[in-house]
$ cat final.cif   # mmCIF, C-alpha atoms and all ligand atoms
data_data
#
loop_
_atom_site.label_atom_id
_atom_site.label_comp_id
_atom_site.auth_asym_id
_atom_site.auth_seq_id
_atom_site.Cartn_x
_atom_site.Cartn_y
_atom_site.Cartn_z
CA MET J 743 9.21 -7.70 10.96
CA THR J 744 11.28 -4.98 12.53
CA GLU J 745 11.35 -3.14 9.24
CA ALA J 746 7.58 -3.34 8.93
CA LEU J 747 7.11 -1.95 12.42
CA THR J 748 9.52 0.83 11.70
CA TYR J 749 7.66 1.62 8.54
CA ARG J 750 4.36 1.72 10.41
CA TRP J 751 5.86 3.98 13.05
CA TRP J 752 7.08 6.25 10.30
CA LEU J 753 3.64 6.39 8.74
CA GLN J 754 2.09 7.31 12.06
CA THR J 755 4.60 10.01 12.84
CA THR J 756 4.45 11.74 9.50
CA ASN J 757 1.53 13.81 8.43
CA TRP J 758 1.18 12.75 4.85
CA TRP J 759 -1.03 9.76 5.61
CA PRO J 760 -4.46 11.07 4.67
CA GLN J 761 -6.94 11.45 7.47
CA THR J 762 -9.57 9.61 5.47
CA ALA J 763 -7.51 6.44 5.66
CA ARG J 764 -7.63 6.40 9.45
CA VAL J 765 -11.38 6.40 9.96
CA ASP J 766 -13.60 3.36 9.70
CA SER J 767 -14.71 3.52 6.12
CA SER J 768 -17.28 0.72 6.27
CA ASN J 769 -20.11 3.19 5.69
CA LYS J 770 -18.22 5.66 3.58
CA ALA J 771 -18.71 6.05 -0.12
CA GLY J 772 -15.71 6.11 -2.38
CA TYR J 773 -13.79 3.34 -0.69
CA ASN J 774 -14.52 -0.34 -0.74
CA LYS J 775 -13.60 -2.64 2.08
CA ALA J 776 -10.72 -4.29 0.32
CA ALA J 777 -9.03 -1.20 -1.03
CA MET J 778 -8.88 1.90 1.08
CA ILE J 779 -5.68 3.36 -0.22
CA PRO J 780 -6.36 6.90 -1.45
CA GLN J 781 -5.37 7.60 -5.02
CA ASP J 782 -3.08 10.46 -4.07
CA LEU J 783 -1.14 8.10 -1.83
CA LEU J 784 -1.01 5.46 -4.55
CA ASP J 785 0.48 8.05 -6.83
CA MET J 786 3.36 8.53 -4.39
CA LEU J 787 4.14 4.86 -3.87
CA VAL J 788 6.73 3.20 -6.05
CA CYS J 789 8.27 -0.24 -6.14
CA PRO J 790 11.39 -0.14 -3.94
CA VAL J 791 13.22 -2.31 -6.47
CA CYS J 792 12.36 -0.62 -9.77
CA LYS J 793 11.17 2.79 -8.57
CA GLU J 794 8.18 2.21 -10.83
CA PRO J 795 4.61 3.19 -9.85
CA VAL J 796 2.49 0.44 -8.31
CA VAL J 797 -1.20 -0.25 -8.95
CA LEU J 798 -3.87 -1.78 -6.76
CA LYS J 799 -4.37 -5.46 -7.49
CA ASN J 800 -7.68 -7.00 -6.42
CA GLY J 801 -7.77 -4.53 -3.57
CA THR J 802 -5.41 -6.71 -1.58
CA GLY J 803 -2.00 -5.72 -2.79
CA LEU J 804 0.01 -3.23 -4.77
CA LYS J 805 1.59 -4.57 -7.92
CA CYS J 806 4.66 -3.27 -9.68
CA GLY J 807 4.08 -3.34 -13.42
CA LYS J 808 7.76 -3.88 -14.14
CA CYS J 809 8.99 -6.67 -11.84
CA ARG J 810 5.46 -7.98 -11.04
CA ARG J 811 6.08 -7.99 -7.33
CA VAL J 812 2.87 -7.62 -5.33
CA TYR J 813 3.23 -5.80 -2.03
CA PRO J 814 0.66 -6.70 0.62
CA ILE J 815 -1.69 -4.27 2.33
CA GLN J 816 -2.04 -4.90 6.05
CA ASP J 817 -4.53 -2.90 8.11
CA ASP J 818 -4.86 -0.51 5.19
CA ILE J 819 -1.14 0.17 5.24
CA PRO J 820 0.82 -0.83 2.15
CA ILE J 821 3.89 -2.85 3.09
CA MET J 822 6.44 -1.75 0.52
CA LEU J 823 9.12 -4.23 1.53
CA VAL J 824 10.81 -6.58 -0.91
CA ASP J 825 10.84 -9.34 1.70
CA SER J 826 7.06 -9.11 2.05
CA ALA J 827 6.32 -9.05 -1.65
CA THR J 828 5.14 -11.97 -3.75
CA ILE J 829 5.73 -12.40 -7.46
CA ASP J 830 2.61 -12.28 -9.60
CA PRO J 831 3.03 -14.77 -12.47
CA ASN J 832 0.55 -12.89 -14.68
ZN ZN V 901 9.25 -3.50 -9.29
#
$ encode --input "final.cif" --output "structure tokens"
Amino acid sequence: MTEALTYRWWLQTTNWWPQTARVDSSNKAGYNKAAMIPQDLLDMLVCPVCKEPVVLKNGTGLKCGKCRRVYPIQDDIPIMLVDSATIDPN
């Protein structure tokens, strides 16, 4: 929990989080309600275990293609913590 809060603080205090992710996107084209993670941010995110790129899964998590961990997205912020991840059997 502390790690997640620290991560969120870090996101808020760095400038790389795209502005478009902060606004209410309910009436914006290009994002659906479940997945509002911009592609350029997705391209920067990697699995903390494998250092492999992650992909959006069902708009609710980010899945590592190597170890199959799925990292949750909470309040449009991807939680890239091993302790928060679930293993996708597929
Ligand atoms: Zn992985």
$ atom_distance --input "final.cif" --atom1 "CA of Cys789 (chain J)" --atom2 "CA of Met822 (chain J)"
7.1 Å
$ atom_distance --input "final.cif" --atom1 "atom ZN of ligand ZN 901 (chain V)" --atom2 "CA of Pro780 (chain J)"
20.3 Å
$ residues_around --input "final.cif" --residues "Arg810 (chain J)" --least-positions-apart "3" --cutoff "6 Å" --atoms "all atoms listed in the file" --output "VMD selection string"
chain J and resid 806 to 807 829 to 830
$ atom_distance --input "final.cif" --atom1 "CA of Ile779 (chain J)" --atom2 "CA of Ile815 (chain J)"
9.0 Å
$ closest_atom_pairs --input "final.cif" --of "chain J" --to "ligand ZN 901 (chain V)" --cutoff "8 Å" --atoms "all atoms listed in the file" --output "Markdown table"
| residue | atom | partner | partner_atom | distance |
| --- | --- | --- | --- | --- |
| J:Val788 | CA | V:ZN901 | ZN | 7.9 |
| J:Cys789 | CA | V:ZN901 | ZN | 4.6 |
| J:Pro790 | CA | V:ZN901 | ZN | 6.7 |
| J:Val791 | CA | V:ZN901 | ZN | 5.0 |
| J:Cys792 | CA | V:ZN901 | ZN | 4.3 |
| J:Lys793 | CA | V:ZN901 | ZN | 6.6 |
| J:Glu794 | CA | V:ZN901 | ZN | 6.0 |
| J:Val796 | CA | V:ZN901 | ZN | 7.9 |
| J:Lys805 | CA | V:ZN901 | ZN | 7.9 |
| J:Cys806 | CA | V:ZN901 | ZN | 4.6 |
| J:Gly807 | CA | V:ZN901 | ZN | 6.6 |
| J:Lys808 | CA | V:ZN901 | ZN | 5.1 |
| J:Cys809 | CA | V:ZN901 | ZN | 4.1 |
| J:Arg810 | CA | V:ZN901 | ZN | 6.1 |
| J:Arg811 | CA | V:ZN901 | ZN | 5.8 |
$ write_last_selection --input "final.cif" --atoms "C-alpha atoms" --output "PDB file, in the frame of the given file"
ATOM      1  CA  VAL J 788       6.730   3.200  -6.050  1.00  0.00           C
ATOM      2  CA  CYS J 789       8.270  -0.240  -6.140  1.00  0.00           C
ATOM      3  CA  PRO J 790      11.390  -0.140  -3.940  1.00  0.00           C
ATOM      4  CA  VAL J 791      13.220  -2.310  -6.470  1.00  0.00           C
ATOM      5  CA  CYS J 792      12.360  -0.620  -9.770  1.00  0.00           C
ATOM      6  CA  LYS J 793      11.170   2.790  -8.570  1.00  0.00           C
ATOM      7  CA  GLU J 794       8.180   2.210 -10.830  1.00  0.00           C
ATOM      8  CA  VAL J 796       2.490   0.440  -8.310  1.00  0.00           C
ATOM      9  CA  LYS J 805       1.590  -4.570  -7.920  1.00  0.00           C
ATOM     10  CA  CYS J 806       4.660  -3.270  -9.680  1.00  0.00           C
ATOM     11  CA  GLY J 807       4.080  -3.340 -13.420  1.00  0.00           C
ATOM     12  CA  LYS J 808       7.760  -3.880 -14.140  1.00  0.00           C
ATOM     13  CA  CYS J 809       8.990  -6.670 -11.840  1.00  0.00           C
ATOM     14  CA  ARG J 810       5.460  -7.980 -11.040  1.00  0.00           C
ATOM     15  CA  ARG J 811       6.080  -7.990  -7.330  1.00  0.00           C
TER      16      ARG J 811
END
